[in-house]
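Peer 1: Contents of input_1.cif (mmCIF, C-alpha atoms, pLDDT in the B column; chains and numbers go by the auth columns) are below:
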```cif
data_work
#
loop_
_atom_site.group_PDB
_atom_site.id
_atom_site.type_symbol
_atom_site.label_atom_id
_atom_site.label_comp_id
_atom_site.label_asym_id
_atom_site.label_seq_id
_atom_site.Cartn_x
_atom_site.Cartn_y
_atom_site.Cartn_z
_atom_site.B_iso_or_equiv
_atom_site.auth_seq_id
_atom_site.auth_asym_id
ATOM 1 C CA MET A 1 63.175 31.852 26.324 49.00 687 W
ATOM 2 C CA THR A 2 66.624 30.555 25.480 52.00 688 W
ATOM 3 C CA ALA A 3 68.223 27.778 27.477 52.00 689 W
ATOM 4 C CA PRO A 4 71.548 28.495 29.124 51.00 690 W
ATOM 5 C CA GLY A 5 73.329 25.808 27.136 52.00 691 W
ATOM 6 C CA SER A 6 72.256 27.025 23.704 52.00 692 W
ATOM 7 C CA ASP A 7 74.452 28.937 21.344 54.00 693 W
ATOM 8 C CA ASP A 8 72.271 31.976 21.556 54.00 694 W
ATOM 9 C CA TYR A 9 73.083 32.494 25.262 52.00 695 W
ATOM 10 C CA ASP A 10 73.876 36.097 26.096 54.00 696 W
ATOM 11 C CA GLU A 11 75.364 37.638 29.241 54.00 697 W
ATOM 12 C CA GLU A 12 72.276 39.765 29.547 53.00 698 W
ATOM 13 C CA ASP A 13 70.397 36.579 30.337 51.00 699 W
ATOM 14 C CA ASP A 14 72.355 36.358 33.632 52.00 700 W
ATOM 15 C CA ASP A 15 70.206 39.120 35.011 51.00 701 W
ATOM 16 C CA ILE A 16 67.154 37.025 34.268 50.00 702 W
ATOM 17 C CA PHE A 17 68.499 33.990 36.111 52.00 703 W
ATOM 18 C CA GLY A 18 69.498 35.950 39.237 55.00 704 W
ATOM 19 C CA LYS A 19 73.107 36.888 38.713 58.00 705 W
ATOM 20 C CA PRO A 20 73.862 39.734 41.165 60.00 706 W
ATOM 21 C CA SER A 21 74.518 43.113 39.608 63.00 707 W
ATOM 22 C CA PRO A 22 77.480 45.248 40.800 65.00 708 W
ATOM 23 C CA PRO A 23 76.772 47.497 43.895 64.00 709 W
ATOM 24 C CA PRO A 24 76.023 51.175 43.222 64.00 710 W
ATOM 25 C CA LYS A 25 78.848 53.623 43.679 64.00 711 W
ATOM 26 C CA VAL A 26 78.769 55.930 46.731 59.00 712 W
ATOM 27 C CA VAL A 27 79.721 59.517 45.947 59.00 713 W
ATOM 28 C CA VAL A 28 81.246 61.423 48.902 56.00 714 W
ATOM 29 C CA SER A 29 80.786 65.173 48.783 55.00 715 W
ATOM 30 C CA GLY A 30 83.870 67.295 49.479 58.00 716 W
ATOM 31 C CA ARG A 31 81.929 70.284 50.825 58.00 717 W
ATOM 32 C CA LYS A 32 82.234 71.165 54.552 56.00 718 W
ATOM 33 C CA THR A 33 79.273 72.153 56.669 53.00 719 W
ATOM 34 C CA THR A 34 79.793 75.442 58.469 51.00 720 W
ATOM 35 C CA LEU A 35 77.839 76.398 61.580 58.00 721 W
ATOM 36 C CA TYR A 36 76.215 79.823 61.678 56.00 722 W
ATOM 37 C CA GLN A 37 77.610 82.106 64.362 63.00 723 W
ATOM 38 C CA ALA A 38 75.866 85.244 65.465 67.00 724 W
ATOM 39 C CA PRO A 39 78.032 88.356 65.087 69.00 725 W
ATOM 40 C CA GLN A 40 79.626 89.670 68.272 82.00 726 W
ATOM 41 C CA LEU A 41 79.670 93.245 69.511 81.00 727 W
ATOM 42 C CA CYS A 42 83.003 95.015 69.346 84.00 728 W
ATOM 43 C CA LYS A 43 84.785 95.191 72.693 85.00 729 W
ATOM 44 C CA ILE A 44 85.034 98.933 73.139 84.00 730 W
ATOM 45 C CA ASP A 45 85.523 100.721 76.483 89.00 731 W
ATOM 46 C CA PRO A 46 84.127 104.238 76.055 90.00 732 W
ATOM 47 C CA CYS A 47 86.194 105.528 78.985 93.00 733 W
ATOM 48 C CA MET A 48 89.597 104.179 77.854 91.00 734 W
ATOM 49 C CA GLU A 49 91.975 106.439 76.020 87.00 735 W
ATOM 50 C CA ASN A 50 93.754 105.790 72.682 83.00 736 W
ATOM 51 C CA GLN A 51 91.592 102.853 71.598 82.00 737 W
ATOM 52 C CA GLU A 52 91.294 101.583 68.054 82.00 738 W
ATOM 53 C CA PRO A 53 88.266 103.219 66.386 77.00 739 W
ATOM 54 C CA CYS A 54 85.260 100.931 66.293 77.00 740 W
ATOM 55 C CA GLU A 55 85.008 101.214 62.498 78.00 741 W
ATOM 56 C CA GLN A 56 88.525 99.848 62.040 84.00 742 W
ATOM 57 C CA LEU A 57 87.982 97.157 64.667 84.00 743 W
ATOM 58 C CA SER A 58 84.784 96.090 62.872 85.00 744 W
ATOM 59 C CA GLU A 59 86.558 95.777 59.521 87.00 745 W
ATOM 60 C CA ARG A 60 89.353 93.732 61.056 88.00 746 W
ATOM 61 C CA THR A 61 87.342 91.350 63.270 87.00 747 W
ATOM 62 C CA ARG A 62 83.856 91.505 61.657 87.00 748 W
ATOM 63 C CA CYS A 63 82.343 92.625 64.964 86.00 749 W
ATOM 64 C CA LEU A 64 79.455 95.047 65.260 82.00 750 W
ATOM 65 C CA CYS A 65 79.813 98.553 66.650 78.00 751 W
ATOM 66 C CA PRO A 66 77.166 99.006 69.387 74.00 752 W
ATOM 67 C CA GLY A 67 74.685 101.681 68.378 67.00 753 W
ATOM 68 C CA VAL A 68 77.055 104.263 66.942 72.00 754 W
ATOM 69 C CA SER A 69 75.459 107.190 65.155 77.00 755 W
ATOM 70 C CA GLY A 70 77.015 108.148 61.841 79.00 756 W
ATOM 71 C CA ALA A 71 79.282 111.054 60.969 82.00 757 W
ATOM 72 C CA ASP A 72 76.368 112.788 59.237 90.00 758 W
ATOM 73 C CA LYS A 73 74.661 113.428 62.610 92.00 759 W
ATOM 74 C CA PRO A 74 75.841 115.605 65.519 94.00 760 W
ATOM 75 C CA PRO A 75 77.324 113.411 68.265 94.00 761 W
ATOM 76 C CA HIS A 76 75.671 112.672 71.571 94.00 762 W
ATOM 77 C CA ALA A 77 77.014 114.326 74.714 96.00 763 W
ATOM 78 C CA PRO A 78 79.976 112.663 76.454 96.00 764 W
ATOM 79 C CA ARG A 79 79.962 111.944 80.200 96.00 765 W
ATOM 80 C CA ILE A 80 82.408 113.497 82.675 96.00 766 W
ATOM 81 C CA GLN A 81 83.998 110.950 85.022 94.00 767 W
ATOM 82 C CA GLY A 82 85.687 113.347 87.401 93.00 768 W
ATOM 83 C CA LEU A 83 87.680 116.498 88.131 95.00 769 W
ATOM 84 C CA LEU A 84 90.620 115.797 90.429 93.00 770 W
ATOM 85 C CA PRO A 85 93.698 117.822 91.459 93.00 771 W
ATOM 86 C CA VAL A 86 97.063 116.542 90.245 92.00 772 W
ATOM 87 C CA SER A 87 100.132 115.892 92.395 88.00 773 W
ATOM 88 C CA GLY A 88 103.786 115.671 91.416 86.00 774 W
ATOM 89 C CA VAL A 89 105.212 117.683 88.511 88.00 775 W
ATOM 90 C CA ASP A 90 101.823 119.107 87.506 87.00 776 W
ATOM 91 C CA ARG A 91 100.810 119.844 91.073 88.00 777 W
ATOM 92 C CA GLY A 92 98.027 122.426 91.220 88.00 778 W
ATOM 93 C CA LYS A 93 96.475 121.529 87.870 94.00 779 W
ATOM 94 C CA ILE A 94 93.178 119.683 87.503 96.00 780 W
ATOM 95 C CA GLU A 95 92.803 116.408 85.606 96.00 781 W
ATOM 96 C CA ILE A 96 89.508 115.888 83.785 96.00 782 W
ATOM 97 C CA LYS A 97 88.324 112.478 82.580 96.00 783 W
ATOM 98 C CA TRP A 98 85.336 111.676 80.389 97.00 784 W
ATOM 99 C CA CYS A 99 83.652 108.785 78.546 96.00 785 W
ATOM 100 C CA ALA A 100 82.897 108.866 74.825 93.00 786 W
ATOM 101 C CA PRO A 101 79.311 108.852 73.492 92.00 787 W
ATOM 102 C CA SER A 102 77.982 106.273 71.023 87.00 788 W
ATOM 103 C CA SER A 103 78.742 108.547 68.108 88.00 789 W
ATOM 104 C CA VAL A 104 81.439 109.334 65.570 86.00 790 W
ATOM 105 C CA VAL A 105 83.665 111.973 67.207 90.00 791 W
ATOM 106 C CA SER A 106 86.507 113.884 65.554 92.00 792 W
ATOM 107 C CA GLU A 107 87.516 115.979 68.577 95.00 793 W
ATOM 108 C CA TYR A 108 86.488 117.013 72.091 96.00 794 W
ATOM 109 C CA ARG A 109 86.205 120.496 73.508 96.00 795 W
ATOM 110 C CA VAL A 110 86.459 121.309 77.209 97.00 796 W
ATOM 111 C CA VAL A 111 84.651 124.555 78.025 96.00 797 W
ATOM 112 C CA ILE A 112 85.488 126.304 81.319 95.00 798 W
ATOM 113 C CA ASP A 113 82.871 128.720 82.676 92.00 799 W
ATOM 114 C CA GLY A 114 81.372 129.046 79.206 89.00 800 W
ATOM 115 C CA SER A 115 84.332 130.979 77.775 88.00 801 W
ATOM 116 C CA GLU A 116 87.711 129.232 77.779 87.00 802 W
ATOM 117 C CA VAL A 117 87.896 126.312 75.338 92.00 803 W
ATOM 118 C CA LEU A 118 90.506 123.539 75.208 95.00 804 W
ATOM 119 C CA LYS A 119 90.603 121.027 72.327 95.00 805 W
ATOM 120 C CA PHE A 120 91.553 117.336 72.487 96.00 806 W
ATOM 121 C CA ARG A 121 91.760 114.540 69.913 93.00 807 W
ATOM 122 C CA GLY A 122 88.838 112.240 69.215 91.00 808 W
ATOM 123 C CA ILE A 123 90.672 109.289 70.826 90.00 809 W
ATOM 124 C CA SER A 124 91.410 111.275 74.013 94.00 810 W
ATOM 125 C CA ARG A 125 89.570 110.575 77.251 95.00 811 W
ATOM 126 C CA GLN A 126 91.421 112.877 79.644 95.00 812 W
ATOM 127 C CA GLY A 127 93.263 116.176 79.825 95.00 813 W
ATOM 128 C CA LEU A 128 94.919 118.699 82.149 95.00 814 W
ATOM 129 C CA LEU A 129 93.274 121.991 83.071 95.00 815 W
ATOM 130 C CA LYS A 130 94.597 125.049 84.857 93.00 816 W
ATOM 131 C CA PRO A 131 93.950 125.401 88.623 93.00 817 W
ATOM 132 C CA LEU A 132 90.237 125.901 89.206 94.00 818 W
ATOM 133 C CA GLU A 133 88.333 127.638 91.946 93.00 819 W
ATOM 134 C CA ALA A 134 85.583 125.815 93.797 93.00 820 W
ATOM 135 C CA GLY A 135 82.298 126.014 91.908 94.00 821 W
ATOM 136 C CA THR A 136 83.841 126.481 88.446 95.00 822 W
ATOM 137 C CA LYS A 137 81.620 124.898 85.774 95.00 823 W
ATOM 138 C CA VAL A 138 83.357 122.586 83.296 97.00 824 W
ATOM 139 C CA CYS A 139 81.661 120.991 80.252 97.00 825 W
ATOM 140 C CA VAL A 140 82.889 118.475 77.664 97.00 826 W
ATOM 141 C CA GLU A 141 81.540 118.659 74.109 96.00 827 W
ATOM 142 C CA ALA A 142 81.896 116.069 71.322 96.00 828 W
ATOM 143 C CA VAL A 143 82.396 117.414 67.790 96.00 829 W
ATOM 144 C CA ASN A 144 82.252 115.997 64.253 94.00 830 W
ATOM 145 C CA ASN A 145 81.630 117.375 60.761 93.00 831 W
ATOM 146 C CA ALA A 146 77.860 117.500 61.362 94.00 832 W
ATOM 147 C CA GLY A 147 78.069 119.645 64.487 95.00 833 W
ATOM 148 C CA GLN A 148 78.621 119.398 68.232 94.00 834 W
ATOM 149 C CA SER A 149 76.847 117.784 71.140 95.00 835 W
ATOM 150 C CA THR A 150 74.365 119.610 73.341 94.00 836 W
ATOM 151 C CA PRO A 151 75.439 120.160 76.989 92.00 837 W
ATOM 152 C CA SER A 152 73.635 117.968 79.520 93.00 838 W
ATOM 153 C CA ASP A 153 73.648 117.229 83.243 93.00 839 W
ATOM 154 C CA PHE A 154 76.228 114.461 82.832 95.00 840 W
ATOM 155 C CA SER A 155 78.497 116.315 80.366 97.00 841 W
ATOM 156 C CA CYS A 156 78.941 119.311 82.733 96.00 842 W
ATOM 157 C CA LYS A 157 80.250 119.362 86.297 95.00 843 W
ATOM 158 C CA ARG A 158 81.198 121.971 88.886 95.00 844 W
ATOM 159 C CA TYR A 159 84.614 121.586 90.446 95.00 845 W
ATOM 160 C CA GLU A 160 84.540 120.712 94.133 93.00 846 W
ATOM 161 C CA PRO A 161 88.049 120.428 95.640 91.00 847 W
ATOM 162 C CA PRO A 162 88.477 117.396 97.899 86.00 848 W
ATOM 163 C CA GLU A 163 89.286 117.908 101.558 77.00 849 W
ATOM 164 C CA SER A 164 93.003 118.268 102.122 61.00 850 W
ATOM 165 C CA SER A 165 94.742 115.496 104.040 50.00 851 W
ATOM 166 C CA ASP A 166 96.624 118.151 106.058 54.00 852 W
ATOM 167 C CA ILE A 167 93.334 119.665 107.202 57.00 853 W
ATOM 168 C CA LYS A 168 92.046 116.230 108.191 58.00 854 W
ATOM 169 C CA LEU A 169 95.253 115.548 110.133 62.00 855 W
ATOM 170 C CA LEU A 170 95.069 118.906 111.928 65.00 856 W
ATOM 171 C CA ALA A 171 91.422 118.337 112.820 64.00 857 W
ATOM 172 C CA GLY A 172 92.288 114.906 114.194 72.00 858 W
ATOM 173 C CA VAL A 173 95.140 116.286 116.304 75.00 859 W
ATOM 174 C CA ILE A 174 92.962 119.080 117.714 82.00 860 W
ATOM 175 C CA GLY A 175 90.121 116.679 118.468 80.00 861 W
ATOM 176 C CA GLY A 176 92.481 114.247 120.191 82.00 862 W
ATOM 177 C CA GLY A 177 94.033 117.054 122.263 82.00 863 W
ATOM 178 C CA VAL A 178 90.648 118.326 123.418 85.00 864 W
ATOM 179 C CA ALA A 179 89.540 114.818 124.352 85.00 865 W
ATOM 180 C CA LEU A 180 92.761 114.243 126.328 83.00 866 W
ATOM 181 C CA LEU A 181 92.367 117.560 128.151 85.00 867 W
ATOM 182 C CA LEU A 182 88.795 116.720 129.153 86.00 868 W
ATOM 183 C CA LEU A 183 89.916 113.329 130.445 85.00 869 W
ATOM 184 C CA LEU A 184 92.677 114.942 132.526 86.00 870 W
ATOM 185 C CA ILE A 185 90.258 117.496 134.021 90.00 871 W
ATOM 186 C CA LEU A 186 87.712 114.795 134.813 86.00 872 W
ATOM 187 C CA GLY A 187 90.377 112.583 136.372 85.00 873 W
ATOM 188 C CA GLY A 188 91.669 115.484 138.478 86.00 874 W
ATOM 189 C CA MET A 189 88.184 116.260 139.740 86.00 875 W
ATOM 190 C CA ILE A 190 87.598 112.632 140.709 89.00 876 W
ATOM 191 C CA ILE A 191 90.913 112.478 142.595 90.00 877 W
ATOM 192 C CA TRP A 192 90.203 115.793 144.353 86.00 878 W
ATOM 193 C CA MET A 193 86.736 114.669 145.454 85.00 879 W
ATOM 194 C CA HIS A 194 88.174 111.383 146.709 81.00 880 W
ATOM 195 C CA GLN A 195 90.819 113.197 148.764 84.00 881 W
ATOM 196 C CA MET A 196 88.213 115.540 150.228 83.00 882 W
ATOM 197 C CA ARG A 197 86.062 112.599 151.325 83.00 883 W
ATOM 198 C CA LYS A 198 89.064 110.921 152.965 80.00 884 W
ATOM 199 C CA LYS A 199 89.953 114.117 154.810 79.00 885 W
ATOM 200 C CA ALA A 200 86.391 114.667 156.037 79.00 886 W
ATOM 201 C CA LYS A 201 86.164 111.084 157.211 77.00 887 W
ATOM 202 C CA LYS A 202 89.502 111.376 159.029 74.00 888 W
ATOM 203 C CA ASP A 203 88.483 114.580 160.815 71.00 889 W
ATOM 204 C CA SER A 204 85.220 113.000 161.905 72.00 890 W
ATOM 205 C CA THR A 205 86.993 109.922 163.262 69.00 891 W
ATOM 206 C CA ASN A 206 89.522 112.011 165.234 65.00 892 W
ATOM 207 C CA GLY A 207 86.737 114.075 166.858 59.00 893 W
ATOM 208 C CA LEU A 208 84.842 111.051 168.131 56.00 894 W
ATOM 209 C CA GLY A 209 87.907 109.271 169.503 55.00 895 W
ATOM 210 C CA ASN A 210 89.178 112.152 171.694 54.00 896 W
ATOM 211 C CA PRO A 211 87.209 112.385 175.066 54.00 897 W
ATOM 212 C CA SER A 212 88.430 115.913 175.632 54.00 898 W
ATOM 213 C CA TYR A 213 86.972 117.078 172.289 50.00 899 W
ATOM 214 C CA SER A 214 83.947 119.320 172.571 51.00 900 W
ATOM 215 C CA THR A 215 82.028 120.891 169.782 49.00 901 W
ATOM 216 C CA GLU A 216 80.401 123.527 172.059 49.00 902 W
ATOM 217 C CA GLY A 217 83.490 125.431 173.007 47.00 903 W
ATOM 218 C CA ASP A 218 87.136 125.357 173.802 48.00 904 W
ATOM 219 C CA SER A 219 86.644 124.210 177.470 46.00 905 W
ATOM 220 C CA VAL A 220 87.922 120.829 178.458 44.00 906 W
ATOM 221 C CA ILE A 221 86.130 118.767 181.080 46.00 907 W
ATOM 222 C CA GLN A 222 88.525 116.698 183.173 49.00 908 W
ATOM 223 C CA ILE A 223 87.145 113.626 184.885 47.00 909 W
ATOM 224 C CA SER A 224 89.175 112.146 187.672 48.00 910 W
ATOM 225 C CA THR A 225 88.968 108.460 188.295 50.00 911 W
ATOM 226 C CA HIS A 226 90.689 108.721 191.779 50.00 912 W
ATOM 227 C CA ASN A 227 88.771 109.960 194.890 52.00 913 W
ATOM 228 C CA PRO A 228 90.871 110.229 198.089 51.00 914 W
ATOM 229 C CA SER A 229 87.800 109.741 200.266 52.00 915 W
ATOM 230 C CA TRP A 230 87.156 106.331 198.854 49.00 916 W
ATOM 231 C CA SER A 231 88.400 103.470 200.935 48.00 917 W
ATOM 232 C CA HIS A 232 88.559 99.846 200.220 45.00 918 W
#
```
Translate the structure described by the file into structure tokens.

Peer 2:
Amino acid sequence: MTAPGSDDYDEEDDDIFGKPSPPPKVVVSGRKTTLYQAPQLCKIDPCMENQEPCEQLSERTRCLCPGVSGADKPPHAPRIQGLLPVSGVDRGKIEIKWCAPSSVVSEYRVVIDGSEVLKFRGISRQGLLKPLEAGTKVCVEAVNNAGQSTPSDFSCKRYEPPESSDIKLLAGVIGGGVALLLLLILGGMIIWMHQMRKKAKKDSTNGLGNPSYSTEGDSVIQISTHNPSWSH
């Protein structure tokens, strides 16, 4: 061992005698920690018209299309929302609305009574039909390159015209008139019976109050209260 004061002293000997060594360097990583987020389903309303196709929405927002069958399979059947008459400029026509199936659809076909066919775009959800008679069967079919959907209970509907407001108003007026007439008749009968009771009571009172009144005949019995033979 070499003494600190000797000529052979070296700086390495400082470590032996307890000289503190420099602190270790701290390396800070520049990478950021990202949290895992579960993918979200695409916000698609199957009954809304002119929406962005789910495939495009998925590519743009990285969302997931909910259970959509591919274009290589025939689409599922759509669902009819309603058949309602139209007012205004298109008065007399029938508006049909439907909801899209969870399938790739290129176009829709509306079949009336199994013969007449109307075509609509794949982004359509409604259309105008000619005036329909009550009971007419209307079906909506979805179509793509692989085929067309099979008709079902919810993709077909028979047209049932709603009750007209004019008919309801007329029925209300007639019902109100009949009710008023019955009330008037009942009120008249009550008044008539009341008058008859008053008359009968009056006749009975007049007969008892008249001493010359006799129910056995037309003779009148006169009673004199003065007797000339009486004397005071």

Peer 1: Taking all atoms listed in the file into account, name the residue in W:Gln767, W:Gln737, W:Ser835, W:Gln726 that is nearest to W:Cys749.

Peer 2: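 That would be W:Gln726, the residue with the smallest distance to W:Cys749.
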
Peer 1: Could you give me, as JSON, numbers by chain, the residues within 9 Å of W:Leu750, counting all atoms listed in the file and dropping anything in the same chain fewer than 6 positions from it?

Peer 2: {"W": [725, 726, 727, 728, 740, 741, 743, 744]}

Peer 1: Just write the chosen residues, C-alpha atoms, as a short mmCIF file (atom, residue, chain, number, x, y, z; two decimals), in the frame of the given file.

Peer 2:
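This is the output file again_16.cif:
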```
data_model
loop_
_atom_site.label_atom_id
_atom_site.label_comp_id
_atom_site.auth_asym_id
_atom_site.auth_seq_id
_atom_site.Cartn_x
_atom_site.Cartn_y
_atom_site.Cartn_z
CA PRO W 725 78.03 88.36 65.09
CA GLN W 726 79.63 89.67 68.27
CA LEU W 727 79.67 93.24 69.51
CA CYS W 728 83.00 95.02 69.35
CA CYS W 740 85.26 100.93 66.29
CA GLU W 741 85.01 101.21 62.50
CA LEU W 743 87.98 97.16 64.67
CA SER W 744 84.78 96.09 62.87
#
```

Peer 1: Have a look at atom CA of W:Asn831 and atom CA of W:Arg795 and let me know their distance in Å, one decimal.

Peer 2: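 Distance between the two atoms: 13.9 Å.
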
Peer 1: Quick one: pull the distance between atom CA of W:Glu781 and atom CA of W:Ser755, Å, one decimal.

Peer 2: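 So the two atoms, atom CA of W:Glu781 and atom CA of W:Ser755, lie 28.4 Å apart.
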
Peer 1: Once the PyMOL selection byres ((chain W and resi 833) around 10) has been applied to the shown file, what residues remain in the selection, as a ChimeraX atom specification?

Peer 2: /W:757-761,791,828-832,834-836

Peer 1: To one decimal in Å, tell me the separation between atom CA of W:Lys816 and atom CA of W:Ile766.

Peer 2: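 Separation between atom CA of W:Lys816 and atom CA of W:Ile766: 16.9 Å.
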
Peer 1: For W:Ile798, please output as a list in words all residues within 9 Å (counting all atoms listed in the file; exclusion window: fewer than 6 positions along the same chain).

Peer 2: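 Here the answer would be Leu804, Thr822, Lys823, Val824 and Cys825 of chain W.
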
Peer 1: Print the selection's residues with C-alpha atoms to a file, as a CSV table (one decimal), keeping the file's coordinate frame.

Peer 2:
```
chain,number,residue,atom,x,y,z
W,804,LEU,CA,90.5,123.5,75.2
W,822,THR,CA,83.8,126.5,88.4
W,823,LYS,CA,81.6,124.9,85.8
W,824,VAL,CA,83.4,122.6,83.3
W,825,CYS,CA,81.7,121.0,80.3
```

Peer 1: Skip W:Phe806 itself and residues of its chain fewer than 5 positions away, then list as an mmCIF file with C-alpha atoms, keeping the file's coordinate frame all residues within 9 Å of it, counting all atoms listed in the file.

Peer 2:
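Saved file out.cif follows:
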```
data_model
loop_
_atom_site.group_PDB
_atom_site.id
_atom_site.type_symbol
_atom_site.label_atom_id
_atom_site.label_comp_id
_atom_site.auth_asym_id
_atom_site.auth_seq_id
_atom_site.Cartn_x
_atom_site.Cartn_y
_atom_site.Cartn_z
ATOM 1 C CA GLU W 793 87.516 115.979 68.577
ATOM 2 C CA TYR W 794 86.488 117.013 72.091
ATOM 3 C CA ARG W 795 86.205 120.496 73.508
ATOM 4 C CA VAL W 796 86.459 121.309 77.209
ATOM 5 C CA ARG W 811 89.570 110.575 77.251
ATOM 6 C CA GLN W 812 91.421 112.877 79.644
ATOM 7 C CA GLY W 813 93.263 116.176 79.825
#
```

Peer 1: Can you list, as a VMD selection string, every protein, DNA or RNA residue that comes within 10 Å of W:Glu735 when you count all atoms listed in the file, leaving out same-chain residues fewer than 2 positions away?

Peer 2: chain W and resid 731 to 733 737 to 738 783 to 786 808 to 812

Peer 1: Report as JSON the centre and the edge lengths, in Å to one decimal, of the axis-aligned box holding every listed atom of stretch 856-865 of chain W, padded by 6 Å on each side.

Peer 2:
```
{"center_x": 92.3, "center_y": 116.7, "center_z": 118.1, "size_x": 17.6, "size_y": 16.8, "size_z": 24.4}
```

Peer 1: Which residue out of W:Arg807, W:His880, W:Arg844, W:Lys885 has the minimum interatomic distance to W:Leu769 when all atoms listed in the file are used?

Peer 2: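 The closest residue to W:Leu769 is W:Arg844.
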
Peer 1: From the block you just saw, export stretch 743-755 of chain W: N, CA and C atoms, as a PDB file, in the first residue's frame.

Peer 2:
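Contents of part_17.pdb, as written:
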```pdb
ATOM      1  N   LEU W 743     -67.530   5.311 -43.402  1.00  0.00           N
ATOM      2  CA  LEU W 743     -67.442   5.856 -42.043  1.00  0.00           C
ATOM      3  C   LEU W 743     -66.402   5.106 -41.219  1.00  0.00           C
ATOM      4  N   SER W 744     -66.283   3.800 -41.430  1.00  0.00           N
ATOM      5  CA  SER W 744     -65.293   2.995 -40.709  1.00  0.00           C
ATOM      6  C   SER W 744     -63.872   3.369 -41.111  1.00  0.00           C
ATOM      7  N   GLU W 745     -63.641   3.604 -42.400  1.00  0.00           N
ATOM      8  CA  GLU W 745     -62.313   3.997 -42.852  1.00  0.00           C
ATOM      9  C   GLU W 745     -61.925   5.380 -42.337  1.00  0.00           C
ATOM     10  N   ARG W 746     -62.890   6.245 -42.186  1.00  0.00           N
ATOM     11  CA  ARG W 746     -62.596   7.615 -41.766  1.00  0.00           C
ATOM     12  C   ARG W 746     -62.421   7.748 -40.262  1.00  0.00           C
ATOM     13  N   THR W 747     -63.213   7.017 -39.479  1.00  0.00           N
ATOM     14  CA  THR W 747     -63.187   7.175 -38.014  1.00  0.00           C
ATOM     15  C   THR W 747     -62.670   5.948 -37.278  1.00  0.00           C
ATOM     16  N   ARG W 748     -62.322   4.878 -38.003  1.00  0.00           N
ATOM     17  CA  ARG W 748     -61.829   3.631 -37.398  1.00  0.00           C
ATOM     18  C   ARG W 748     -62.875   2.961 -36.511  1.00  0.00           C
ATOM     19  N   CYS W 749     -64.149   3.221 -36.766  1.00  0.00           N
ATOM     20  CA  CYS W 749     -65.201   2.550 -36.004  1.00  0.00           C
ATOM     21  C   CYS W 749     -65.504   1.194 -36.645  1.00  0.00           C
ATOM     22  N   LEU W 750     -66.318   0.429 -35.973  1.00  0.00           N
ATOM     23  CA  LEU W 750     -66.670  -0.904 -36.455  1.00  0.00           C
ATOM     24  C   LEU W 750     -68.120  -0.916 -36.929  1.00  0.00           C
ATOM     25  N   CYS W 751     -68.345  -1.470 -38.101  1.00  0.00           N
ATOM     26  CA  CYS W 751     -69.703  -1.610 -38.612  1.00  0.00           C
ATOM     27  C   CYS W 751     -70.385  -2.768 -37.876  1.00  0.00           C
ATOM     28  N   PRO W 752     -71.561  -2.545 -37.314  1.00  0.00           N
ATOM     29  CA  PRO W 752     -72.217  -3.583 -36.494  1.00  0.00           C
ATOM     30  C   PRO W 752     -72.818  -4.704 -37.321  1.00  0.00           C
ATOM     31  N   GLY W 753     -72.157  -5.833 -37.368  1.00  0.00           N
ATOM     32  CA  GLY W 753     -72.718  -7.044 -37.942  1.00  0.00           C
ATOM     33  C   GLY W 753     -73.229  -6.930 -39.352  1.00  0.00           C
ATOM     34  N   VAL W 754     -72.466  -6.354 -40.250  1.00  0.00           N
ATOM     35  CA  VAL W 754     -72.902  -6.190 -41.628  1.00  0.00           C
ATOM     36  C   VAL W 754     -72.387  -7.347 -42.461  1.00  0.00           C
ATOM     37  N   SER W 755     -73.312  -8.023 -43.158  1.00  0.00           N
ATOM     38  CA  SER W 755     -72.891  -9.114 -44.026  1.00  0.00           C
ATOM     39  C   SER W 755     -72.266  -8.539 -45.300  1.00  0.00           C
TER      40      SER W 755
END
```
